[in-house]
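Taking it in order: structure first as structure tokens, then the write-up.
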Amino acid sequence: GALAACGFEQQPSEPAAQADQSGGGLAPETVAKNFFDDLRTAMNDKQITDDDRRSKWVEQLSNYFAPAERDDMRVALSTALDNFVSGLGKLASTEALTLDIKFDGIEVVSEADDHALVRPINGSIYLLITRTTDTGAVVNLWEQSNPLNTIIGNPDGAVPVVRIGRTWFLTQG
């Protein structure tokens, strides 16, 4: 409910620099780096199957987008995380999923006025499904690494960002 939506508001104990950004970033590459870092953390959150916990992640991740796009992004992110959790539910009790979003940094591809394109350097999304046998051995059932642009949607992996005031946000372009 309303209290769950407040779960990720900045607390006075958190660094002031983070509080000032309110989801965006002070540089085009910062907002993308923070978004992908948080997405990785969300996907590896042991409590992601909890509806309230998942709602908090959806809220936190959607705040990286321009304010006018957040409602749409909440729907998209909620669907994506629900599908992810549904997939987790199909694993046997002896199976585990490892998901990692990897990149060496974020580069600014282009920047003009209040618009920029940024791209994760060597970005990939890594998936591993393992099974623990009766003897305790861990066996790889399935392993795959795909370029991050497969989930970004742009063939070159570039992500559009927009500056509103002094803060940069991810945008759908």
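So you can find residues: chains in the structure tokens are A, B, ... in the order shown, residues in each start at 1, and ligands are numbered from 1 in order.
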
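The list of residues with at least one atom within 7 Å of segment 24-40 of chain A, based on only C-alpha atoms and without residues fewer than 5 positions apart in the same chain, reads Leu61, Tyr64, Asp100, Ile101, Ile106, Glu107, Val108, Ala116, Val118, Val161, Arg166, Thr167, Trp168, Phe169 and Leu170 of chain A.
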
* Asked: Do you have the atom CA of Gly153 of chain A-atom CA of Thr41 of chain A distance handy?
  -> 20.9 Å

* To do: Check segment 9-166 of chain A with DSSP on the backbone and list each residue it calls strand (DSSP E), as a ChimeraX atom specification.
  => /A:95-102,106-112,115-120,124-132,138-147,159-164

* **Within 7 Å of Ser145 of chain A using only C-alpha atoms, minus same-chain residues under 5 positions, as a PyMOL selection string** => chain A and resi 124-127
